[in-house]
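J.: I'm passing along my_file.cif; it holds mmCIF, C-alpha atoms.
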```cif
data_model
loop_
_atom_site.label_atom_id
_atom_site.label_comp_id
_atom_site.auth_asym_id
_atom_site.auth_seq_id
_atom_site.Cartn_x
_atom_site.Cartn_y
_atom_site.Cartn_z
CA MET A 19 97.28 87.53 -44.06
CA ASP A 20 98.67 84.67 -46.15
CA LYS A 21 100.96 81.68 -45.60
CA TYR A 22 104.05 83.94 -45.52
CA PHE A 23 102.75 86.12 -42.67
CA TRP A 24 105.03 84.59 -40.01
CA TYR A 25 108.17 85.11 -42.10
CA VAL A 26 107.26 88.79 -42.48
CA LEU A 27 106.44 89.18 -38.79
CA LEU A 28 109.66 87.46 -37.68
CA SER A 29 111.75 89.59 -40.01
CA TYR A 30 110.21 92.83 -38.69
CA LEU A 31 110.64 91.58 -35.12
CA ALA A 32 114.32 90.76 -35.76
CA THR A 33 114.99 94.24 -37.16
CA PHE A 34 113.22 96.14 -34.41
CA SER A 35 114.71 93.88 -31.71
CA VAL A 36 118.21 94.76 -32.93
CA LEU A 37 117.31 98.45 -32.93
CA ILE A 38 115.61 98.47 -29.52
CA GLY A 39 118.35 96.28 -28.02
CA TYR A 40 121.03 98.69 -29.23
CA LEU A 41 119.12 101.73 -27.92
CA VAL A 42 118.62 100.09 -24.51
CA TRP A 43 122.31 99.12 -24.35
CA MET A 44 123.35 102.73 -25.11
CA TRP A 45 120.84 104.12 -22.61
CA VAL A 46 122.17 101.80 -19.84
CA ARG A 47 125.77 102.80 -20.56
CA LEU A 48 124.92 106.51 -20.76
CA ARG A 49 123.21 106.27 -17.38
CA ALA A 50 126.20 104.44 -15.93
CA VAL A 51 128.63 107.10 -17.20
CA ARG A 52 126.36 109.89 -15.94
CA GLY A 53 126.11 108.17 -12.55
CA GLU A 54 129.89 107.89 -12.29
CA ASP A 55 130.32 111.53 -13.33
CA ALA A 56 127.86 112.61 -10.63
CA SER A 57 129.62 110.58 -7.94
CA GLU A 58 133.05 112.00 -8.97
CA ALA A 59 131.87 115.61 -9.11
CA PRO A 60 133.54 117.91 -6.53
CA ARG A 61 131.34 118.67 -3.52
CA MET B 6 121.71 119.35 -17.91
CA LYS B 7 121.50 121.13 -21.28
CA ARG B 8 119.04 119.45 -23.63
CA ASP B 9 120.55 118.21 -26.86
CA VAL B 10 118.00 119.51 -29.38
CA THR B 11 119.57 117.91 -32.48
CA THR B 12 119.55 114.42 -30.96
CA THR B 13 115.97 114.87 -29.74
CA VAL B 14 114.79 116.05 -33.18
CA LEU B 15 116.60 113.19 -34.95
CA GLY B 16 115.17 110.67 -32.48
CA ALA B 17 111.62 112.01 -32.87
CA ALA B 18 111.93 112.09 -36.68
CA SER B 19 113.25 108.49 -36.70
CA LEU B 20 110.43 107.30 -34.47
CA LEU B 21 107.77 109.05 -36.52
CA GLY B 22 109.25 107.87 -39.82
CA LEU B 23 109.52 104.25 -38.67
CA ALA B 24 105.97 104.28 -37.28
CA VAL B 25 104.57 105.57 -40.59
CA VAL B 26 106.67 103.07 -42.57
CA LEU B 27 105.51 100.23 -40.34
CA GLY B 28 101.87 101.22 -40.88
CA LEU B 29 102.28 101.58 -44.66
CA SER B 30 104.33 98.38 -44.99
CA LEU B 31 101.93 96.15 -43.13
CA THR B 32 98.93 97.47 -45.05
CA SER B 33 100.52 97.52 -48.51
CA PRO B 34 98.77 95.34 -51.12
CA LEU B 35 99.94 91.76 -51.49
CA ASP B 36 102.05 90.95 -54.53
CA VAL B 37 100.53 88.62 -57.15
CA ASN B 38 103.53 86.28 -57.03
CA LYS B 39 105.23 86.90 -53.69
CA GLY B 40 102.14 87.51 -51.54
CA SER B 41 102.98 89.24 -48.25
CA LEU B 42 106.70 88.47 -48.72
CA VAL B 43 106.88 91.71 -50.73
CA ARG B 44 106.53 93.54 -47.39
CA LEU B 45 109.98 92.29 -46.40
CA MET B 46 111.40 94.65 -49.03
CA PHE B 47 110.40 97.69 -46.94
CA VAL B 48 112.74 96.61 -44.15
CA HIS B 49 115.35 94.43 -45.85
CA VAL B 50 116.39 96.98 -48.49
CA PRO B 51 116.55 100.01 -46.12
CA GLU B 52 118.57 98.15 -43.49
CA ALA B 53 121.02 97.00 -46.17
CA TRP B 54 121.19 100.66 -47.33
CA LEU B 55 121.79 101.77 -43.72
CA SER B 56 124.70 99.34 -43.37
CA TYR B 57 126.25 100.63 -46.63
CA LEU B 58 125.82 104.18 -45.37
CA ALA B 59 127.40 103.25 -42.04
CA TYR B 60 130.38 101.54 -43.69
CA GLY B 61 130.81 104.56 -45.96
CA GLY B 62 130.73 106.69 -42.80
CA THR B 63 133.45 104.58 -41.19
CA GLY B 64 135.71 105.20 -44.17
CA LEU B 65 134.87 108.91 -44.44
CA PHE B 66 135.33 109.64 -40.72
CA GLY B 67 138.54 107.60 -40.72
CA LEU B 68 139.83 109.70 -43.61
CA LEU B 69 138.84 112.92 -41.82
CA TYR B 70 140.71 111.69 -38.73
CA LEU B 71 143.87 111.05 -40.75
CA ILE B 72 143.65 114.56 -42.23
CA GLN B 73 142.69 116.55 -39.13
CA ARG B 74 143.81 114.24 -36.27
CA ARG B 75 140.70 115.10 -34.26
CA ARG B 76 139.52 112.29 -31.96
CA HIS B 77 135.92 113.32 -32.66
CA TRP B 78 136.20 111.74 -36.15
CA ASP B 79 137.64 108.54 -34.72
CA ARG B 80 134.70 108.19 -32.33
CA LEU B 81 132.24 108.70 -35.19
CA ALA B 82 134.11 106.13 -37.33
CA MET B 83 133.84 103.58 -34.52
CA ALA B 84 130.14 104.38 -33.96
CA SER B 85 129.43 104.07 -37.67
CA GLY B 86 131.22 100.69 -37.92
CA GLU B 87 129.28 99.35 -34.95
CA ILE B 88 125.93 100.50 -36.41
CA GLY B 89 126.86 99.01 -39.79
CA LEU B 90 127.71 95.67 -38.22
CA LEU B 91 124.41 95.51 -36.31
CA PHE B 92 122.32 96.34 -39.36
CA THR B 93 124.24 93.89 -41.53
CA LEU B 94 123.30 91.25 -38.99
CA ALA B 95 119.64 92.34 -39.20
CA THR B 96 119.86 92.33 -43.02
CA ILE B 97 121.18 88.77 -43.00
CA VAL B 98 118.49 87.52 -40.58
CA GLY B 99 115.74 89.24 -42.62
CA GLY B 100 117.24 87.89 -45.84
CA MET B 101 117.32 84.34 -44.46
CA LEU B 102 113.64 84.61 -43.54
CA TRP B 103 112.93 85.77 -47.09
CA ALA B 104 115.09 83.03 -48.59
CA LYS B 105 113.37 80.10 -46.88
CA PRO B 106 109.94 80.46 -48.56
CA THR B 107 111.47 81.75 -51.83
CA TRP B 108 114.45 79.42 -52.38
CA GLY B 109 113.46 76.62 -50.01
CA THR B 110 116.50 77.13 -47.81
CA TYR B 111 117.68 79.74 -45.30
CA TRP B 112 121.15 80.00 -46.77
CA VAL B 113 123.05 79.42 -50.00
CA TRP B 114 126.61 80.49 -50.77
CA ASP B 115 125.40 82.97 -53.36
CA ALA B 116 127.73 85.88 -54.22
CA ARG B 117 125.56 88.55 -52.53
CA LEU B 118 124.98 86.47 -49.40
CA THR B 119 128.63 85.47 -49.14
CA THR B 120 129.94 89.02 -49.61
CA THR B 121 127.41 90.28 -47.02
CA ALA B 122 128.54 87.62 -44.54
CA LEU B 123 132.15 88.60 -45.25
CA SER B 124 131.36 92.23 -44.44
CA LEU B 125 130.57 91.00 -40.91
CA VAL B 126 134.11 89.62 -40.80
CA VAL B 127 135.58 92.87 -42.17
CA TYR B 128 133.80 95.15 -39.68
CA GLY B 129 133.91 92.63 -36.83
CA GLY B 130 137.68 92.66 -37.47
CA TYR B 131 137.66 96.47 -37.50
CA LEU B 132 136.03 96.59 -34.04
CA LEU B 133 138.28 93.77 -32.78
CA ILE B 134 141.41 95.65 -33.85
CA ARG B 135 140.15 98.71 -32.00
CA SER B 136 139.66 96.71 -28.82
CA LEU B 137 143.21 95.30 -29.02
CA ILE B 138 145.04 98.65 -29.16
CA ASP B 139 145.28 100.62 -25.91
CA ASP B 140 147.01 103.76 -27.15
CA PRO B 141 144.14 106.02 -28.36
CA GLU B 142 146.20 107.79 -31.06
CA ARG B 143 147.58 104.56 -32.49
CA ARG B 144 144.15 102.91 -32.27
CA ALA B 145 142.57 105.79 -34.18
CA ARG B 146 145.32 105.78 -36.84
CA VAL B 147 145.31 102.01 -37.45
CA SER B 148 141.53 101.67 -37.42
CA ALA B 149 141.15 104.64 -39.78
CA VAL B 150 143.26 102.80 -42.36
CA VAL B 151 141.31 99.55 -41.82
CA GLY B 152 138.02 101.49 -42.07
CA ILE B 153 139.01 103.15 -45.34
CA VAL B 154 140.13 99.85 -46.87
CA GLY B 155 136.93 98.18 -45.58
CA THR B 156 134.78 100.80 -47.30
CA LEU B 157 136.19 99.71 -50.66
CA TYR B 158 134.35 96.45 -50.04
CA VAL B 159 130.90 98.15 -50.17
CA PRO B 160 130.71 98.47 -53.99
CA VAL B 161 131.81 94.83 -54.33
CA ASN B 162 128.88 93.78 -52.12
CA TYR B 163 126.47 96.07 -53.97
CA MET B 164 127.54 94.90 -57.43
CA ALA B 165 127.80 91.20 -56.49
CA VAL B 166 124.33 90.49 -57.97
CA GLU B 167 125.43 92.00 -61.30
CA TRP B 168 128.96 90.63 -61.49
CA TRP B 169 128.28 87.02 -60.48
CA ARG B 170 125.19 85.03 -61.37
CA GLY B 171 123.41 83.67 -58.32
CA VAL B 172 120.00 83.09 -56.79
CA HIS B 173 119.72 86.57 -55.24
CA GLN B 174 117.66 88.90 -57.40
CA THR B 175 119.29 91.96 -58.96
CA GLN B 176 118.48 95.41 -57.54
CA THR B 177 114.76 96.23 -57.68
CA LEU B 178 115.63 99.92 -57.77
CA LYS B 179 118.48 100.25 -60.23
CA LEU B 180 120.61 103.36 -59.77
CA LEU B 181 123.48 102.72 -62.14
CA GLY B 182 123.14 103.11 -65.90
CA GLY B 183 119.81 104.96 -65.60
CA VAL B 184 117.33 104.78 -62.70
CA ARG B 185 114.83 101.93 -63.12
CA TRP B 186 112.16 100.47 -60.81
CA ASP B 187 111.49 96.76 -61.39
CA ALA B 188 108.41 96.24 -59.20
CA ALA B 189 104.80 97.44 -59.10
CA PRO B 190 104.75 101.28 -58.84
CA VAL B 191 102.52 101.10 -55.74
CA TYR B 192 105.47 99.88 -53.64
CA LEU B 193 107.92 102.63 -54.58
CA PRO B 194 106.71 105.47 -52.25
CA THR B 195 106.75 103.19 -49.18
CA LEU B 196 110.23 101.95 -50.02
CA LEU B 197 111.57 105.48 -50.55
CA LEU B 198 109.99 106.66 -47.29
CA SER B 199 111.49 103.68 -45.49
CA VAL B 200 114.96 104.39 -46.94
CA ALA B 201 114.63 108.04 -45.84
CA SER B 202 113.53 107.00 -42.33
CA PHE B 203 116.41 104.55 -41.96
CA THR B 204 118.79 107.29 -43.13
CA VAL B 205 117.53 109.63 -40.38
CA LEU B 206 117.77 106.70 -37.94
CA TYR B 207 121.43 106.22 -38.91
CA PHE B 208 122.24 109.84 -38.05
CA PHE B 209 120.34 109.55 -34.77
CA LEU B 210 122.20 106.37 -33.73
CA LEU B 211 125.50 107.84 -34.89
CA ARG B 212 125.00 110.95 -32.79
CA LEU B 213 123.87 109.01 -29.72
CA ARG B 214 126.76 106.51 -29.95
CA GLY B 215 129.18 109.38 -30.55
CA ILE B 216 127.99 111.12 -27.35
CA LEU B 217 128.37 107.88 -25.38
CA ALA B 218 131.87 107.28 -26.79
CA ALA B 219 132.91 110.87 -25.95
CA ARG B 220 131.73 110.54 -22.36
CA GLU B 221 133.42 107.15 -21.91
CA GLU B 222 136.63 108.50 -23.39
CA ALA B 223 136.56 111.52 -21.07
CA ARG B 224 136.04 109.22 -18.09
CA GLU B 225 138.95 106.96 -19.17
CA GLU B 226 141.21 109.99 -19.55
CA ARG B 227 140.22 111.24 -16.10
CA GLU B 228 141.00 107.83 -14.64
CA LEU B 229 144.33 107.74 -16.47
CA THR B 230 145.21 111.26 -15.29
CA GLY B 231 144.26 110.26 -11.74
CA VAL B 232 146.51 107.18 -11.86
CA THR B 233 149.42 109.18 -13.34
CA GLY B 234 148.94 111.88 -10.71
CA ARG B 235 148.96 109.35 -7.89
CA VAL B 236 152.12 107.69 -9.27
CA GLU B 237 153.86 111.09 -9.47
CA VAL B 238 152.80 111.93 -5.90
CA ALA B 239 154.09 108.53 -4.68
CA ARG B 240 157.44 109.13 -6.43
CA GLY B 241 157.64 112.53 -4.79
#
```
Using structure tokens, write down the structure from this file.
T.:
Amino acid sequence: MDKYFWYVLLSYLATFSVLIGYLVWMWVRLRAVRGEDASEAPR
Amino acid sequence: MKRDVTTTVLGAASLLGLAVVLGLSLTSPLDVNKGSLVRLMFVHVPEAWLSYLAYGGTGLFGLLYLIQRRRHWDRLAMASGEIGLLFTLATIVGGMLWAKPTWGTYWVWDARLTTTALSLVVYGGYLLIRSLIDDPERRARVSAVVGIVGTLYVPVNYMAVEWWRGVHQTQTLKLLGGVRWDAAPVYLPTLLLSVASFTVLYFFLLRLRGILAAREEAREERELTGVTGRVEVARG
């Protein structure tokens, strides 16, 4: 660990936050679409 | 529900690749001059590569749509543009965090930085245009043209460090005019593995976003058909 450690950590956090945020957003929307499909399905 | 094996395999490969890269990056030896800042390269370069790949994808899928007129290509073009935009944003944030200790400031209007920021405008505009057009066929046609033109911007961004003198360093891994590696050899395998992992990640995200777009489009069409049907019934 040196004086630049926090810059490195923040940069990695920013990248993985973008990635995880995008995956969560897609997962929420996929669930919503699936839920709507299930409720519209003929009984 | 049928399990999508390809998406699962791509997701697992991305996760594994990124975990290995993370481990290798954070334990790589410190650079004599840059100290631990050298570790930023293992994320900054691959995410910039991913955004280039995604913008290239937007152009390619747009072109395929114009040739074949299959909506599948339009959905992939949109997904690719969205992924490219997100990773450009991550590239800029990572770059700013690298710039502060190196140049003493988070931002300068250097050619590479400026052209990267402009690519946010180009692809933000691409997604904005899509959201403003309701007719799916027209939306696909117009955005395909914008996507193809936008892709021409990628080489300008890539070559900006060569064409205009600025504070941003030239490519560490030179690919044009003979392959050359301008850093300590110990860093090359980790960087290559990271680039490969981000490439797999791109295909995973592309596939997942494509599936989501297809399902949303199918739902919209069902809603539209339902509305049209009800109007026709009301008219008798």
J.: Counting all atoms listed in the file, which residues of chain A sit at most 6 Å from some atom of chain B, and what is each one's closest atom pair with its distance in Å to one decimal, listed by chain and rising residue number, as a Markdown table?
T.:
```
| residue | atom | partner | partner_atom | distance |
| --- | --- | --- | --- | --- |
| A:Tyr25 | CA | B:Leu102 | CA | 5.7 |
| A:Val26 | CA | B:Leu45 | CA | 5.9 |
| A:Ser29 | CA | B:Gly99 | CA | 4.8 |
| A:Thr33 | CA | B:Ala95 | CA | 5.4 |
| A:Leu48 | CA | B:Leu217 | CA | 5.9 |
```
J.: Would you mind reading off the distance between atom CA of B:Ser19 and atom CA of B:Phe209, one decimal, in Å?
T.: 7.4 Å
J.: What is the distance between atom CA of B:Val159 and atom CA of B:Leu29, in Å to one decimal?
T.: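 We find that atom CA of B:Val159 and atom CA of B:Leu29 lie 29.3 Å from each other.
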J.: Hey, what comes out of the PyMOL selection byres ((chain B and resi 61-66) around 6) on this file? Could you write it as a list in words?
T.: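 Going through the file, the PyMOL selection byres ((chain B and resi 61-66) around 6) ends up selecting Leu58, Ala59, Tyr60, Gly67, Leu68, Leu69, Trp78, Ala82, Ser85, Gly86, Gly152, Ile153 and Thr156 of chain B.
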J.: Report the residues retrieved by the PyMOL selection byres ((chain B and resi 194) around 12) from the displayed file, expressed as a ChimeraX atom specification.
T.: /B:25-26,29-30,33,47,178,186,188-193,195-201
J.: How far is it from atom CA of B:Ser124 to atom CA of B:Thr93, in Å with one decimal?
T.: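 Value for the atom CA of B:Ser124-atom CA of B:Thr93 distance: 7.9 Å.
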J.: Here is a test: counting all atoms listed in the file, which residue of B:Thr119, B:Leu81, B:Ala53, B:Leu71 is nearest to B:Phe208?
T.: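 Closest to B:Phe208, using all atoms listed in the file: B:Leu81.
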J.: For the file shown, what are the residues hit by the PyMOL selection byres ((chain B and resi 116) around 12), laid out as a PDB file with C-alpha atoms, in the coordinates of the input?
T.:
```pdb
ATOM      1  CA  TRP B 112     121.150  80.000 -46.770  1.00  0.00           C
ATOM      2  CA  VAL B 113     123.050  79.420 -50.000  1.00  0.00           C
ATOM      3  CA  TRP B 114     126.610  80.490 -50.770  1.00  0.00           C
ATOM      4  CA  ASP B 115     125.400  82.970 -53.360  1.00  0.00           C
ATOM      5  CA  ARG B 117     125.560  88.550 -52.530  1.00  0.00           C
ATOM      6  CA  LEU B 118     124.980  86.470 -49.400  1.00  0.00           C
ATOM      7  CA  THR B 119     128.630  85.470 -49.140  1.00  0.00           C
ATOM      8  CA  THR B 120     129.940  89.020 -49.610  1.00  0.00           C
ATOM      9  CA  THR B 121     127.410  90.280 -47.020  1.00  0.00           C
ATOM     10  CA  ALA B 122     128.540  87.620 -44.540  1.00  0.00           C
ATOM     11  CA  LEU B 123     132.150  88.600 -45.250  1.00  0.00           C
ATOM     12  CA  VAL B 161     131.810  94.830 -54.330  1.00  0.00           C
ATOM     13  CA  ASN B 162     128.880  93.780 -52.120  1.00  0.00           C
ATOM     14  CA  TYR B 163     126.470  96.070 -53.970  1.00  0.00           C
ATOM     15  CA  MET B 164     127.540  94.900 -57.430  1.00  0.00           C
ATOM     16  CA  ALA B 165     127.800  91.200 -56.490  1.00  0.00           C
ATOM     17  CA  VAL B 166     124.330  90.490 -57.970  1.00  0.00           C
ATOM     18  CA  GLU B 167     125.430  92.000 -61.300  1.00  0.00           C
ATOM     19  CA  TRP B 168     128.960  90.630 -61.490  1.00  0.00           C
ATOM     20  CA  TRP B 169     128.280  87.020 -60.480  1.00  0.00           C
ATOM     21  CA  ARG B 170     125.190  85.030 -61.370  1.00  0.00           C
ATOM     22  CA  GLY B 171     123.410  83.670 -58.320  1.00  0.00           C
ATOM     23  CA  VAL B 172     120.000  83.090 -56.790  1.00  0.00           C
ATOM     24  CA  HIS B 173     119.720  86.570 -55.240  1.00  0.00           C
ATOM     25  CA  GLN B 174     117.660  88.900 -57.400  1.00  0.00           C
ATOM     26  CA  THR B 175     119.290  91.960 -58.960  1.00  0.00           C
TER      27      THR B 175
END
```
J.: Point out the residue among B:Ala84, B:Arg76, B:Gly155, B:Trp54 with the least atom-to-atom distance to A:Met44, counting only C-alpha atoms.
T.: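 Using only C-alpha atoms, A:Met44 sits closest to B:Ala84.
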J.: Could you write out as AutoDock Vina command-line options the box around stretch 13-28 of chain B (axis-aligned, all atoms listed in the file, 6 Å on each side), with centre and edge lengths in Å to one decimal?
T.:
```
--center_x 109.2 --center_y 108.1 --center_z -36.2 --size_x 26.7 --size_y 27.8 --size_z 24.8
```
J.: Take stretch 26-45 of chain A, bring it up to N, CA, C and O atoms, and give me the output as a JSON list (two decimals), in the coordinates of the input.
T.:
```json
[["chain", "number", "residue", "atom", "x", "y", "z"],
["A", 26, "VAL", "N", 107.25, 87.32, -42.48],
["A", 26, "VAL", "CA", 107.26, 88.79, -42.48],
["A", 26, "VAL", "C", 107.33, 89.30, -41.04],
["A", 26, "VAL", "O", 108.16, 90.15, -40.71],
["A", 27, "LEU", "N", 106.48, 88.75, -40.19],
["A", 27, "LEU", "CA", 106.44, 89.18, -38.79],
["A", 27, "LEU", "C", 107.80, 88.96, -38.10],
["A", 27, "LEU", "O", 108.31, 89.86, -37.43],
["A", 28, "LEU", "N", 108.37, 87.77, -38.31],
["A", 28, "LEU", "CA", 109.66, 87.46, -37.68],
["A", 28, "LEU", "C", 110.76, 88.39, -38.16],
["A", 28, "LEU", "O", 111.60, 88.84, -37.37],
["A", 29, "SER", "N", 110.73, 88.70, -39.45],
["A", 29, "SER", "CA", 111.75, 89.59, -40.01],
["A", 29, "SER", "C", 111.64, 91.00, -39.41],
["A", 29, "SER", "O", 112.65, 91.61, -39.04],
["A", 30, "TYR", "N", 110.42, 91.51, -39.29],
["A", 30, "TYR", "CA", 110.21, 92.83, -38.69],
["A", 30, "TYR", "C", 110.63, 92.80, -37.22],
["A", 30, "TYR", "O", 111.27, 93.73, -36.72],
["A", 31, "LEU", "N", 110.28, 91.70, -36.54],
["A", 31, "LEU", "CA", 110.64, 91.58, -35.12],
["A", 31, "LEU", "C", 112.16, 91.56, -34.95],
["A", 31, "LEU", "O", 112.69, 92.20, -34.03],
["A", 32, "ALA", "N", 112.85, 90.84, -35.84],
["A", 32, "ALA", "CA", 114.32, 90.76, -35.76],
["A", 32, "ALA", "C", 114.93, 92.15, -35.92],
["A", 32, "ALA", "O", 115.79, 92.57, -35.13],
["A", 33, "THR", "N", 114.45, 92.90, -36.91],
["A", 33, "THR", "CA", 114.99, 94.24, -37.16],
["A", 33, "THR", "C", 114.76, 95.17, -35.97],
["A", 33, "THR", "O", 115.70, 95.82, -35.48],
["A", 34, "PHE", "N", 113.52, 95.20, -35.49],
["A", 34, "PHE", "CA", 113.22, 96.14, -34.41],
["A", 34, "PHE", "C", 113.81, 95.68, -33.07],
["A", 34, "PHE", "O", 114.10, 96.50, -32.21],
["A", 35, "SER", "N", 114.03, 94.36, -32.93],
["A", 35, "SER", "CA", 114.71, 93.88, -31.71],
["A", 35, "SER", "C", 116.16, 94.35, -31.68],
["A", 35, "SER", "O", 116.66, 94.78, -30.64],
["A", 36, "VAL", "N", 116.82, 94.28, -32.84],
["A", 36, "VAL", "CA", 118.21, 94.76, -32.93],
["A", 36, "VAL", "C", 118.26, 96.24, -32.57],
["A", 36, "VAL", "O", 119.08, 96.69, -31.76],
["A", 37, "LEU", "N", 117.34, 97.00, -33.16],
["A", 37, "LEU", "CA", 117.31, 98.45, -32.93],
["A", 37, "LEU", "C", 117.02, 98.78, -31.46],
["A", 37, "LEU", "O", 117.76, 99.57, -30.83],
["A", 38, "ILE", "N", 115.99, 98.17, -30.92],
["A", 38, "ILE", "CA", 115.61, 98.47, -29.52],
["A", 38, "ILE", "C", 116.71, 97.99, -28.57],
["A", 38, "ILE", "O", 117.07, 98.68, -27.62],
["A", 39, "GLY", "N", 117.25, 96.81, -28.85],
["A", 39, "GLY", "CA", 118.35, 96.28, -28.02],
["A", 39, "GLY", "C", 119.53, 97.23, -27.98],
["A", 39, "GLY", "O", 120.11, 97.51, -26.92],
["A", 40, "TYR", "N", 119.89, 97.77, -29.13],
["A", 40, "TYR", "CA", 121.03, 98.69, -29.23],
["A", 40, "TYR", "C", 120.74, 99.99, -28.47],
["A", 40, "TYR", "O", 121.60, 100.51, -27.74],
["A", 41, "LEU", "N", 119.51, 100.48, -28.62],
["A", 41, "LEU", "CA", 119.12, 101.73, -27.92],
["A", 41, "LEU", "C", 119.14, 101.52, -26.40],
["A", 41, "LEU", "O", 119.64, 102.38, -25.66],
["A", 42, "VAL", "N", 118.64, 100.38, -25.96],
["A", 42, "VAL", "CA", 118.62, 100.09, -24.51],
["A", 42, "VAL", "C", 120.06, 99.98, -23.98],
["A", 42, "VAL", "O", 120.40, 100.54, -22.94],
["A", 43, "TRP", "N", 120.90, 99.29, -24.74],
["A", 43, "TRP", "CA", 122.31, 99.12, -24.35],
["A", 43, "TRP", "C", 123.00, 100.49, -24.22],
["A", 43, "TRP", "O", 123.71, 100.76, -23.25],
["A", 44, "MET", "N", 122.74, 101.39, -25.18],
["A", 44, "MET", "CA", 123.35, 102.73, -25.11],
["A", 44, "MET", "C", 122.78, 103.52, -23.93],
["A", 44, "MET", "O", 123.52, 104.21, -23.24],
["A", 45, "TRP", "N", 121.49, 103.40, -23.71],
["A", 45, "TRP", "CA", 120.84, 104.12, -22.61],
["A", 45, "TRP", "C", 121.42, 103.66, -21.27],
["A", 45, "TRP", "O", 121.75, 104.50, -20.41]]
```
